[in-house]
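Peer 1: Here you go, one structure.
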Number of protein chains: 2
Amino acid sequence: MTAGSDSPAVRIDRYVGQYAERAKGMVASEIRALFAVAARPEIVSLAGGTPYVAALPLDAVGSMVGELVAGQGTQALQYCTAQGDAGLRERICEVMSLEGVQDHPDDVVVTVGSQQALDLLARIFVDPGDVVLAEAPSYVGALGAFSAYQADVVHVPMDDEGLIPEALEQAIAAVAASGRRAKFLYTVPNFHNPAGVTLALSRRHRILDICQRAELLVVEDNPYGLLGFDGDPMRALRADDPEGVVYLGTFSKTFAAGVRVGWAVAPPAIRDKLILAAESAVLCHSSFAQLTVREYLSTQPWREQIKDFRELYRARRDATLDALARLMPPGCGWTEPAGGFYVWLRLPDGVDAKAMLPRAISARVAYVPGTGFYADGSGGQFARLCYAFPDPERIREGIRRLAAVVEGEIELRHDFASGVPSV
Amino acid sequence: MTAGSDSPAVRIDRYVGQYAERAKGMVASEIRALFAVAARPEIVSLAGGTPYVAALPLDAVGSMVGELVAGQGTQALQYCTAQGDAGLRERICEVMSLEGVQDHPDDVVVTVGSQQALDLLARIFVDPGDVVLAEAPSYVGALGAFSAYQADVVHVPMDDEGLIPEALEQAIAAVAASGRRAKFLYTVPNFHNPAGVTLALSRRHRILDICQRAELLVVEDNPYGLLGFDGDPMRALRADDPEGVVYLGTFSKTFAAGVRVGWAVAPPAIRDKLILAAESAVLCHSSFAQLTVREYLSTQPWREQIKDFRELYRARRDATLDALARLMPPGCGWTEPAGGFYVWLRLPDGVDAKAMLPRAISARVAYVPGTGFYADGSGGQFARLCYAFPDPERIREGIRRLAAVVEGEIELRHDFASGVPSV
């Protein structure tokens, strides 16, 4: 301690011995500071998974919301039940029917985004040290929620067709061999975050069979399912096994992230526990946000809006893949997403995405290093690129900058390897 | 198991062996079913702590919200940081300055109502079996949040002047004698829920001194502080000990419960952990809800609206106390709140509020039995009456009905005691 104790910047945490065991793992990500920088306008951010909400008809949504408050304000501004507004839950069932899910509104629990559903599932299932199976890589927010309850995440490999059934079988067997049993399998079957791949139709029944045999609950997280660029939405896993699958949905990408309205559909016993856990966590979700979504789905052309989003994101995906193919140096590889927001970029051998990030930000481009998507901190050779927010021209410029940074890394490595100092 | 296994109503929970230890205590309250009945219009509900949001200028708020979405929709409908909107946090500091709290917006974390703040505090402080001190009785939602993390709640007695300093000292000593140390003291100093009492000014420094000496963090939950019926708001505990007190506030009672916007102000180390815990729990709160509150505080006469709420609730408090004095049978007692929503009713010896509730609902009046406000299930002689929602005439009718039910209970007890069967 060198600074004077009267300096307001120096504060000793007098509660340091008082925190719960689970709080000890709560430390700010080392790349968090860089992200604050990445928000500057001169930087092309391919980092955050930010939807392009400017594509919404803001005047129409504004009028709709104004009428909602003026006409139904005593409901919209009041508490509601922990399960969520019944009318919204009906609309949610309509939305899910596009993916073959046939559930009753009673089976739906409205959550504060899908993130809260992940938190509540971990809360009701995970004791410290319990195993959760998750794809490798896996959504950083899910890993955060599971680790908050001290889960032991075991990753299961994917390939271009998504989760590999044989690898899942092996992982289940390995967990069993260690005398344990996983609490659930966490999977993002469609347009995976961060991997950009989709679970092949031919694998879906196989995965469900494996889980049924192992009595392994499946948590199907599906934020991007309606944002596919080719053909109709894929059939949800839950459509074929409602007793074995908890389905998580959200309006963050198909309407507005800022309403924080997501949902879980679960077998009745799990649903009941989710409702009780939600009540303990937040009492109830915002009626105001819920009724806004309910009105949006009841009065606005939401199916057409999703089509518009699809076309918008398809053009950005195309710009991304085109620029990657034209600009990235040899030794890189990437996935080709058929929907959603993300490309998963593999850097040349020996190039570390986390070490490279400060240089990328100096070159005015940002991404998320792969390490955040692995519970064990591996994935350093990978980067997640999100193409949802910048327009195609900015995407091309961003990837041009990124390619130059990667080339610099390769050169640097080459110089090191050949013993010639870089001057 | 007598029903056929093909009955859809009979479902066996195949996950029953899989839940986390903490989930075993998650069971629906036995009075929950009664509350569904209590929502019927023919019943005068003195049960839920429901604010009277119909007193808001709904047209003006509707216009404001419509303009917000049309003009600032790209922010209002987008993700924000886990700490919450910076502009809203500035307004929150203005609101708290009415109670002498002088904090910087950086010290504020926006939460999904105060309930989320309670959940996050328990999450970062409470390991299973850890002691939390709380008033007797204490807010049911706080007890629920603490028990979700398997806290051992130790109650500290109150009287008409709030928490009793000597009792707090004794409780701290008793906990220490058992070889433990409480993680924090949870207190509702103003217009207590459910007790309706307020911590006397003369006791506030004493309570802070005791906690400082014991190095005991104070969690000051203050939903009703601006809804006092006499004079200026009381000075917050945090105003006199910012390093020792976490302050929780909410707009649920001063603006709208349906936006679910609350906040915590905490010493920096705790604030940082709250932000990380919030991110893990919900990623971020709704921008839409937050910016709605920010705009409300920036453009609408919110101070005048609070005055209107105060007058409205004062009239309802008066109706409640007047009716209780005129109608309740001998043997009852009640607190006389100087603000807020609640009267704490003591029933005659031997009358049990929980056992009486079904009969009260048959008589078309509802309340909350006292047992929910004690971690140990005591408090059966008490009932919480909330006067915030029904108008004075309904309140009088409700208390008339309640008085008749209590009289019936007394008569029944008397008949039992004298051995004369009630015919």
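Note on naming: chains are A, B, ... as they come in the structure tokens, residues start from 1 per chain, ligands start from 1 in the order shown.
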For range 328-411 of chain B versus range 246-262 of chain B, which residues have an atom no more than 12 Å away, and what is each residue's nearest atom pair and distance in Å rounded to one decimal, using only C-alpha atoms, chain-then-number order, as a tab-separated table?
Peer 2:
residue	atom	partner	partner_atom	distance
B:Gly339	CA	B:Lys253	CA	11.8
B:Gly340	CA	B:Lys253	CA	8.9
B:Phe341	CA	B:Lys253	CA	9.4
B:Ala388	CA	B:Lys253	CA	9.8
B:Phe389	CA	B:Lys253	CA	11.4
Peer 1: What lies within 6 Å of range 273-284 of chain B using only C-alpha atoms, ignoring chain neighbours under 5 positions off, as a list in words?
Peer 2: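 Contacts, with the query itself left out: Val112, Gln115, Gln116, Asp119, Gly144 and Ala145 of chain A; Thr81, Ala82 and Gln83 of chain B.
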Peer 1: What would the file look like if the residues just selected were written as a PDB file, in the first residue's frame with N, CA and C atoms?
Peer 2:
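Result saved to result-v6.pdb:
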ATOM      1  N   VAL A 112     -36.569 -12.360 -17.492  1.00  0.00           N
ATOM      2  CA  VAL A 112     -35.863 -11.120 -17.849  1.00  0.00           C
ATOM      3  C   VAL A 112     -34.770 -11.493 -18.865  1.00  0.00           C
ATOM      4  N   GLN A 115     -31.236 -14.747 -20.293  1.00  0.00           N
ATOM      5  CA  GLN A 115     -30.216 -14.820 -19.248  1.00  0.00           C
ATOM      6  C   GLN A 115     -30.835 -15.201 -17.912  1.00  0.00           C
ATOM      7  N   GLN A 116     -31.987 -14.606 -17.605  1.00  0.00           N
ATOM      8  CA  GLN A 116     -32.597 -14.967 -16.324  1.00  0.00           C
ATOM      9  C   GLN A 116     -33.031 -16.427 -16.300  1.00  0.00           C
ATOM     10  N   ASP A 119     -30.054 -18.354 -15.430  1.00  0.00           N
ATOM     11  CA  ASP A 119     -29.768 -18.191 -14.008  1.00  0.00           C
ATOM     12  C   ASP A 119     -30.713 -19.042 -13.163  1.00  0.00           C
ATOM     13  N   GLY A 144     -21.284 -18.026 -17.632  1.00  0.00           N
ATOM     14  CA  GLY A 144     -21.261 -17.145 -16.461  1.00  0.00           C
ATOM     15  C   GLY A 144     -22.333 -17.519 -15.457  1.00  0.00           C
ATOM     16  N   ALA A 145     -23.546 -17.795 -15.953  1.00  0.00           N
ATOM     17  CA  ALA A 145     -24.640 -18.166 -15.054  1.00  0.00           C
ATOM     18  C   ALA A 145     -24.335 -19.490 -14.355  1.00  0.00           C
TER      19      ALA A 145
ATOM     20  N   THR B  81     -25.762  -1.389 -20.091  1.00  0.00           N
ATOM     21  CA  THR B  81     -24.792  -2.024 -19.202  1.00  0.00           C
ATOM     22  C   THR B  81     -25.493  -2.658 -18.002  1.00  0.00           C
ATOM     23  N   ALA B  82     -24.800  -3.575 -17.355  1.00  0.00           N
ATOM     24  CA  ALA B  82     -25.370  -4.236 -16.184  1.00  0.00           C
ATOM     25  C   ALA B  82     -25.566  -3.255 -15.029  1.00  0.00           C
ATOM     26  N   GLN B  83     -24.774  -2.197 -14.976  1.00  0.00           N
ATOM     27  CA  GLN B  83     -24.931  -1.214 -13.890  1.00  0.00           C
ATOM     28  C   GLN B  83     -26.177  -0.375 -14.075  1.00  0.00           C
TER      29      GLN B  83
END
Peer 1: Looking only at the backbone, which of the residues in range 32-112 of chain A does DSSP tag as helix (DSSP H, G or I), as a ChimeraX atom specification?
Peer 2: /A:32-38,53-55,58-76,86-97,105-107
Peer 1: Selection from above, N, CA and C atoms, as a tab-separated table (two decimals), in the first residue's frame, can you write it?
Peer 2:
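See out-v1.tsv below for the written result:
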chain	number	residue	atom	x	y	z
A	32	ARG	N	-12.99	-6.54	-20.16
A	32	ARG	CA	-14.10	-5.60	-19.99
A	32	ARG	C	-13.66	-4.15	-20.28
A	33	ALA	N	-12.47	-3.81	-19.78
A	33	ALA	CA	-11.98	-2.44	-19.98
A	33	ALA	C	-11.81	-2.15	-21.47
A	34	LEU	N	-11.36	-3.16	-22.20
A	34	LEU	CA	-11.18	-2.96	-23.64
A	34	LEU	C	-12.52	-2.73	-24.34
A	35	PHE	N	-13.57	-3.38	-23.82
A	35	PHE	CA	-14.86	-3.21	-24.48
A	35	PHE	C	-15.39	-1.79	-24.32
A	36	ALA	N	-15.10	-1.16	-23.20
A	36	ALA	CA	-15.51	0.23	-23.04
A	36	ALA	C	-14.88	1.06	-24.14
A	37	VAL	N	-13.61	0.78	-24.43
A	37	VAL	CA	-12.93	1.47	-25.51
A	37	VAL	C	-13.58	1.12	-26.86
A	38	ALA	N	-13.94	-0.16	-26.99
A	38	ALA	CA	-14.49	-0.63	-28.26
A	38	ALA	C	-15.81	0.06	-28.62
A	53	VAL	N	-31.55	-2.62	-33.80
A	53	VAL	CA	-32.94	-2.24	-33.50
A	53	VAL	C	-33.41	-1.02	-34.28
A	54	ALA	N	-32.47	-0.30	-34.90
A	54	ALA	CA	-32.87	0.85	-35.73
A	54	ALA	C	-33.73	0.42	-36.91
A	55	ALA	N	-33.71	-0.90	-37.22
A	55	ALA	CA	-34.55	-1.39	-38.32
A	55	ALA	C	-36.03	-1.48	-37.94
A	58	LEU	N	-39.87	2.65	-35.49
A	58	LEU	CA	-39.90	3.24	-34.15
A	58	LEU	C	-41.12	4.14	-33.93
A	59	ASP	N	-41.57	4.83	-34.97
A	59	ASP	CA	-42.76	5.67	-34.81
A	59	ASP	C	-43.99	4.82	-34.49
A	60	ALA	N	-44.12	3.73	-35.23
A	60	ALA	CA	-45.28	2.87	-35.00
A	60	ALA	C	-45.21	2.22	-33.62
A	61	VAL	N	-44.03	1.77	-33.23
A	61	VAL	CA	-43.90	1.15	-31.91
A	61	VAL	C	-44.14	2.21	-30.82
A	62	GLY	N	-43.65	3.42	-31.06
A	62	GLY	CA	-43.89	4.51	-30.11
A	62	GLY	C	-45.38	4.78	-29.93
A	63	SER	N	-46.10	4.88	-31.03
A	63	SER	CA	-47.56	5.11	-30.93
A	63	SER	C	-48.23	3.97	-30.17
A	64	MET	N	-47.83	2.76	-30.49
A	64	MET	CA	-48.41	1.59	-29.85
A	64	MET	C	-48.18	1.62	-28.33
A	65	VAL	N	-46.96	1.96	-27.95
A	65	VAL	CA	-46.63	2.00	-26.52
A	65	VAL	C	-47.38	3.14	-25.82
A	66	GLY	N	-47.47	4.28	-26.50
A	66	GLY	CA	-48.21	5.40	-25.93
A	66	GLY	C	-49.66	5.04	-25.67
A	67	GLU	N	-50.26	4.37	-26.63
A	67	GLU	CA	-51.67	3.95	-26.46
A	67	GLU	C	-51.80	2.90	-25.36
A	68	LEU	N	-50.82	2.03	-25.28
A	68	LEU	CA	-50.85	1.01	-24.24
A	68	LEU	C	-50.91	1.65	-22.85
A	69	VAL	N	-50.04	2.62	-22.61
A	69	VAL	CA	-49.99	3.25	-21.29
A	69	VAL	C	-51.25	4.08	-21.04
A	70	ALA	N	-51.66	4.84	-22.06
A	70	ALA	CA	-52.84	5.69	-21.88
A	70	ALA	C	-54.10	4.84	-21.66
A	71	GLY	N	-54.20	3.72	-22.38
A	71	GLY	CA	-55.42	2.93	-22.35
A	71	GLY	C	-55.42	1.79	-21.34
A	72	GLN	N	-54.25	1.21	-21.10
A	72	GLN	CA	-54.18	0.05	-20.21
A	72	GLN	C	-53.12	0.25	-19.13
A	73	GLY	N	-52.88	1.53	-18.80
A	73	GLY	CA	-51.80	1.85	-17.88
A	73	GLY	C	-51.96	1.25	-16.50
A	74	THR	N	-53.20	1.10	-16.04
A	74	THR	CA	-53.36	0.54	-14.69
A	74	THR	C	-52.88	-0.91	-14.64
A	75	GLN	N	-52.86	-1.57	-15.78
A	75	GLN	CA	-52.27	-2.92	-15.81
A	75	GLN	C	-50.77	-2.85	-16.15
A	76	ALA	N	-50.44	-2.02	-17.15
A	76	ALA	CA	-49.05	-1.99	-17.62
A	76	ALA	C	-48.09	-1.44	-16.56
A	86	ALA	N	-50.59	-13.48	-18.84
A	86	ALA	CA	-51.21	-14.62	-19.53
A	86	ALA	C	-51.37	-14.35	-21.02
A	87	GLY	N	-51.72	-13.11	-21.38
A	87	GLY	CA	-51.89	-12.79	-22.79
A	87	GLY	C	-50.57	-12.88	-23.55
A	88	LEU	N	-49.51	-12.42	-22.93
A	88	LEU	CA	-48.19	-12.55	-23.56
A	88	LEU	C	-47.83	-14.02	-23.72
A	89	ARG	N	-48.11	-14.81	-22.71
A	89	ARG	CA	-47.76	-16.23	-22.81
A	89	ARG	C	-48.51	-16.92	-23.95
A	90	GLU	N	-49.75	-16.47	-24.21
A	90	GLU	CA	-50.47	-17.00	-25.40
A	90	GLU	C	-49.74	-16.64	-26.69
A	91	ARG	N	-49.33	-15.39	-26.79
A	91	ARG	CA	-48.61	-14.95	-28.00
A	91	ARG	C	-47.30	-15.73	-28.16
A	92	ILE	N	-46.63	-15.98	-27.05
A	92	ILE	CA	-45.37	-16.73	-27.09
A	92	ILE	C	-45.59	-18.12	-27.68
A	93	CYS	N	-46.71	-18.74	-27.32
A	93	CYS	CA	-47.00	-20.07	-27.88
A	93	CYS	C	-47.21	-19.98	-29.39
A	94	GLU	N	-47.82	-18.90	-29.86
A	94	GLU	CA	-47.95	-18.71	-31.30
A	94	GLU	C	-46.58	-18.62	-31.97
A	95	VAL	N	-45.70	-17.84	-31.35
A	95	VAL	CA	-44.36	-17.69	-31.92
A	95	VAL	C	-43.65	-19.04	-31.98
A	96	MET	N	-43.74	-19.80	-30.91
A	96	MET	CA	-43.04	-21.09	-30.87
A	96	MET	C	-43.63	-22.10	-31.84
A	97	SER	N	-44.91	-21.92	-32.18
A	97	SER	CA	-45.51	-22.88	-33.11
A	97	SER	C	-44.82	-22.83	-34.47
A	105	PRO	N	-49.99	-22.07	-22.87
A	105	PRO	CA	-49.46	-20.90	-22.16
A	105	PRO	C	-49.14	-21.17	-20.69
A	106	ASP	N	-49.82	-22.13	-20.07
A	106	ASP	CA	-49.53	-22.48	-18.68
A	106	ASP	C	-48.12	-23.02	-18.49
A	107	ASP	N	-47.53	-23.52	-19.58
A	107	ASP	CA	-46.19	-24.12	-19.46
A	107	ASP	C	-45.08	-23.09	-19.61
Peer 1: Quick check for you: according to DSSP on this backbone, which residues of range 109-173 of chain B are classed as strand (DSSP E)? Reply as a PyMOL selection string.
Peer 2: chain B and resi 109-112+131-136+152-159+162-163
Peer 1: Of the candidates B:Asp232, B:Glu393, B:Asp221, B:Asp240, which one gets nearest to Trp263 in chain B if we count only C-alpha atoms?
Peer 2: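 Between B:Asp232, B:Glu393, B:Asp221, B:Asp240, the residue approaching Trp263 in chain B most closely is B:Asp221.
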Peer 1: For a quick check of understanding, using only C-alpha atoms, which of B:Leu199, B:Leu345, B:Ala403, B:Val126 has the smallest distance to Val368 in chain B?
Peer 2: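 Closest candidate: B:Leu345.
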Peer 1: Compile the contact shell of Trp344 in chain B as a list in words: residues with an atom at most 7 Å away, counting only C-alpha atoms, same-chain residues fewer than 2 positions apart removed.
Peer 2: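 Skipping anything fewer than 2 positions along the chain leaves Pro194, Ala195, Gly196, Trp334, Thr335, Tyr342, Arg346, Phe382, Ala383, Arg384 and Leu385 of chain B.
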Peer 1: For the residues in that selection, give me N, CA and C atoms as a compact mmCIF listing (two decimals), in the first residue's frame.
Peer 2:
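The resulting file, out.txt, is reproduced below:
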# COMPACT_ATOMS: atom_id res chain seq x y z
N PRO B 194 -43.98 -5.46 7.28
CA PRO B 194 -45.42 -5.22 7.44
C PRO B 194 -45.80 -4.39 8.67
N ALA B 195 -44.85 -4.00 9.51
CA ALA B 195 -45.24 -3.55 10.86
C ALA B 195 -45.80 -2.13 10.90
N GLY B 196 -45.55 -1.33 9.86
CA GLY B 196 -46.13 0.01 9.83
C GLY B 196 -45.46 1.00 10.77
N TRP B 334 -53.30 -2.49 17.01
CA TRP B 334 -52.72 -2.24 15.69
C TRP B 334 -51.76 -1.07 15.75
N THR B 335 -50.84 -1.05 14.80
CA THR B 335 -49.90 0.06 14.71
C THR B 335 -50.55 1.22 13.96
N TYR B 342 -49.01 0.12 5.26
CA TYR B 342 -49.41 -1.04 6.08
C TYR B 342 -49.77 -0.74 7.52
N ARG B 346 -52.87 -6.88 15.51
CA ARG B 346 -52.75 -8.00 16.45
C ARG B 346 -54.14 -8.49 16.79
N PHE B 382 -50.93 -12.27 14.17
CA PHE B 382 -50.92 -10.98 13.47
C PHE B 382 -51.43 -11.09 12.03
N ALA B 383 -51.87 -9.95 11.52
CA ALA B 383 -52.26 -9.86 10.12
C ALA B 383 -51.76 -8.54 9.57
N ARG B 384 -51.32 -8.56 8.32
CA ARG B 384 -50.94 -7.32 7.66
C ARG B 384 -52.11 -6.82 6.84
N LEU B 385 -52.47 -5.57 7.09
CA LEU B 385 -53.51 -4.92 6.29
C LEU B 385 -52.85 -3.86 5.43
Peer 1: When you draw a straight line from CA of Leu226 in chain B to CA of Ile164 in chain B, how long is it in Å?
Peer 2: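 CA of Ile164 in chain B lies 23.0 Å from CA of Leu226 in chain B.
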Peer 1: Env of Glu397 in chain B: 9 Å cut, atoms = only C-alpha atoms, seq-sep filter 4 positions within chain, self excluded. Answer as a list in words.
Peer 2: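 These residues fall inside the cut-off: Val44, Ala323, Val365, Pro392, Glu393, Arg401 and Leu402 of chain B.
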Peer 1: Based on the selection just made, write C-alpha atoms of those residues as a CSV table (one decimal), in the first residue's frame.
Peer 2:
chain,number,residue,atom,x,y,z
B,44,VAL,CA,-62.0,-6.3,-0.5
B,323,ALA,CA,-62.6,1.9,11.0
B,365,VAL,CA,-62.2,-9.6,2.8
B,392,PRO,CA,-61.7,4.6,1.7
B,393,GLU,CA,-65.3,3.4,1.4
B,401,ARG,CA,-66.3,-7.6,7.3
B,402,LEU,CA,-63.0,-8.4,9.0
Peer 1: Name the closest residue to Arg181 in chain B among the candidates A:Pro137, A:Pro330, A:Ala239, A:Gly17; distances are taken between atoms, counting only C-alpha atoms.
Peer 2: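 Smallest distance to Arg181 in chain B is found for A:Gly17.
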Peer 1: Using only C-alpha atoms, which residue out of A:Lys354, A:His414, A:Arg394, A:His104 lies closest to Ser29 in chain A?
Peer 2: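 For Ser29 in chain A, the nearest of the given residues is A:Lys354.
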Peer 1: So, counting only C-alpha atoms, which residue among B:Asp322, B:Glu169, B:Glu215, B:Glu161 is closest to chain A?
Peer 2: B:Glu215
Peer 1: Just want the 9 Å neighbourhood of Arg413 in chain A, counted on only C-alpha atoms, with same-chain residues fewer than 4 positions away dropped. Output as a ChimeraX atom specification.
Peer 2: /A:350-351,408-409,417-418
Peer 1: May I ask for the distance between CA of Val245 in chain A and CA of Glu21 in chain B, given in Å to one decimal place?
Peer 2: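 About the pair CA of Val245 in chain A and CA of Glu21 in chain B: they are 21.6 Å apart.
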Peer 1: May I ask which of the residues A:Ala148, A:Pro358, A:Arg294, A:Val108 is the closest one to Val27 in chain A, counting only C-alpha atoms?
Peer 2: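 Among A:Ala148, A:Pro358, A:Arg294, A:Val108, it is A:Ala148 that comes nearest to Val27 in chain A.
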Peer 1: Rounded to one decimal, what separation in Å do you get between CA of Glu220 in chain B and CA of Ser178 in chain B?
Peer 2: 25.4 Å
Peer 1: Could you give me, as a list in words, the residues within 8 Å of range 369-381 of chain B, counting only C-alpha atoms and dropping anything in the same chain fewer than 4 positions from it?
Peer 2: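 The contact residues come out as Ala136, Pro137, Ser138, Tyr139, Val140, Leu143, Val153, Val154, His155, Pro194, Arg346, Leu347, Pro348, Asp349, Gly350, Val351, Asp352, Ala353, Lys354 and Leu357 of chain B.
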Peer 1: With N, CA and C atoms kept, could you save the residues just selected as a CSV table (one decimal), in the first residue's frame?
Peer 2:
chain,number,residue,atom,x,y,z
B,136,ALA,N,-38.3,-8.3,13.4
B,136,ALA,CA,-39.4,-9.2,13.7
B,136,ALA,C,-40.6,-8.4,13.9
B,137,PRO,N,-41.5,-8.4,12.9
B,137,PRO,CA,-41.5,-9.2,11.6
B,137,PRO,C,-40.7,-8.5,10.6
B,138,SER,N,-40.6,-9.1,9.4
B,138,SER,CA,-39.7,-8.6,8.3
B,138,SER,C,-40.4,-8.9,7.0
B,139,TYR,N,-40.0,-8.1,6.0
B,139,TYR,CA,-40.7,-8.1,4.7
B,139,TYR,C,-40.6,-9.5,4.1
B,140,VAL,N,-41.7,-10.1,3.7
B,140,VAL,CA,-41.8,-11.5,3.2
B,140,VAL,C,-40.9,-11.7,2.0
B,143,LEU,N,-37.3,-12.2,3.2
B,143,LEU,CA,-37.1,-13.5,3.8
B,143,LEU,C,-37.0,-14.5,2.8
B,153,VAL,N,-32.1,-16.8,9.2
B,153,VAL,CA,-32.5,-15.5,9.6
B,153,VAL,C,-32.8,-15.4,11.1
B,154,VAL,N,-32.1,-14.5,11.8
B,154,VAL,CA,-32.3,-14.3,13.2
B,154,VAL,C,-33.1,-13.0,13.4
B,155,HIS,N,-34.3,-13.1,14.0
B,155,HIS,CA,-35.1,-11.9,14.1
B,155,HIS,C,-34.8,-11.0,15.3
B,194,PRO,N,-44.0,-5.5,7.3
B,194,PRO,CA,-45.4,-5.2,7.4
B,194,PRO,C,-45.8,-4.4,8.7
B,346,ARG,N,-52.9,-6.9,15.5
B,346,ARG,CA,-52.7,-8.0,16.5
B,346,ARG,C,-54.1,-8.5,16.8
B,347,LEU,N,-54.4,-9.8,16.6
B,347,LEU,CA,-55.7,-10.3,16.9
B,347,LEU,C,-55.8,-10.7,18.4
B,348,PRO,N,-57.0,-10.9,18.9
B,348,PRO,CA,-57.1,-11.3,20.3
B,348,PRO,C,-56.4,-12.6,20.5
B,349,ASP,N,-56.0,-12.8,21.8
B,349,ASP,CA,-55.3,-14.0,22.2
B,349,ASP,C,-56.0,-15.2,21.7
B,350,GLY,N,-55.3,-16.2,21.1
B,350,GLY,CA,-55.9,-17.4,20.7
B,350,GLY,C,-56.5,-17.4,19.3
B,351,VAL,N,-56.6,-16.2,18.7
B,351,VAL,CA,-57.1,-16.2,17.3
B,351,VAL,C,-56.0,-16.3,16.4
B,352,ASP,N,-56.0,-17.2,15.4
B,352,ASP,CA,-54.9,-17.5,14.5
B,352,ASP,C,-55.3,-16.9,13.1
B,353,ALA,N,-54.4,-16.0,12.7
B,353,ALA,CA,-54.7,-15.3,11.4
B,353,ALA,C,-54.7,-16.2,10.2
B,354,LYS,N,-53.9,-17.2,10.2
B,354,LYS,CA,-53.9,-18.1,9.1
B,354,LYS,C,-55.1,-19.0,9.1
B,357,LEU,N,-58.1,-17.1,7.8
B,357,LEU,CA,-58.2,-16.5,6.5
B,357,LEU,C,-59.2,-17.1,5.6
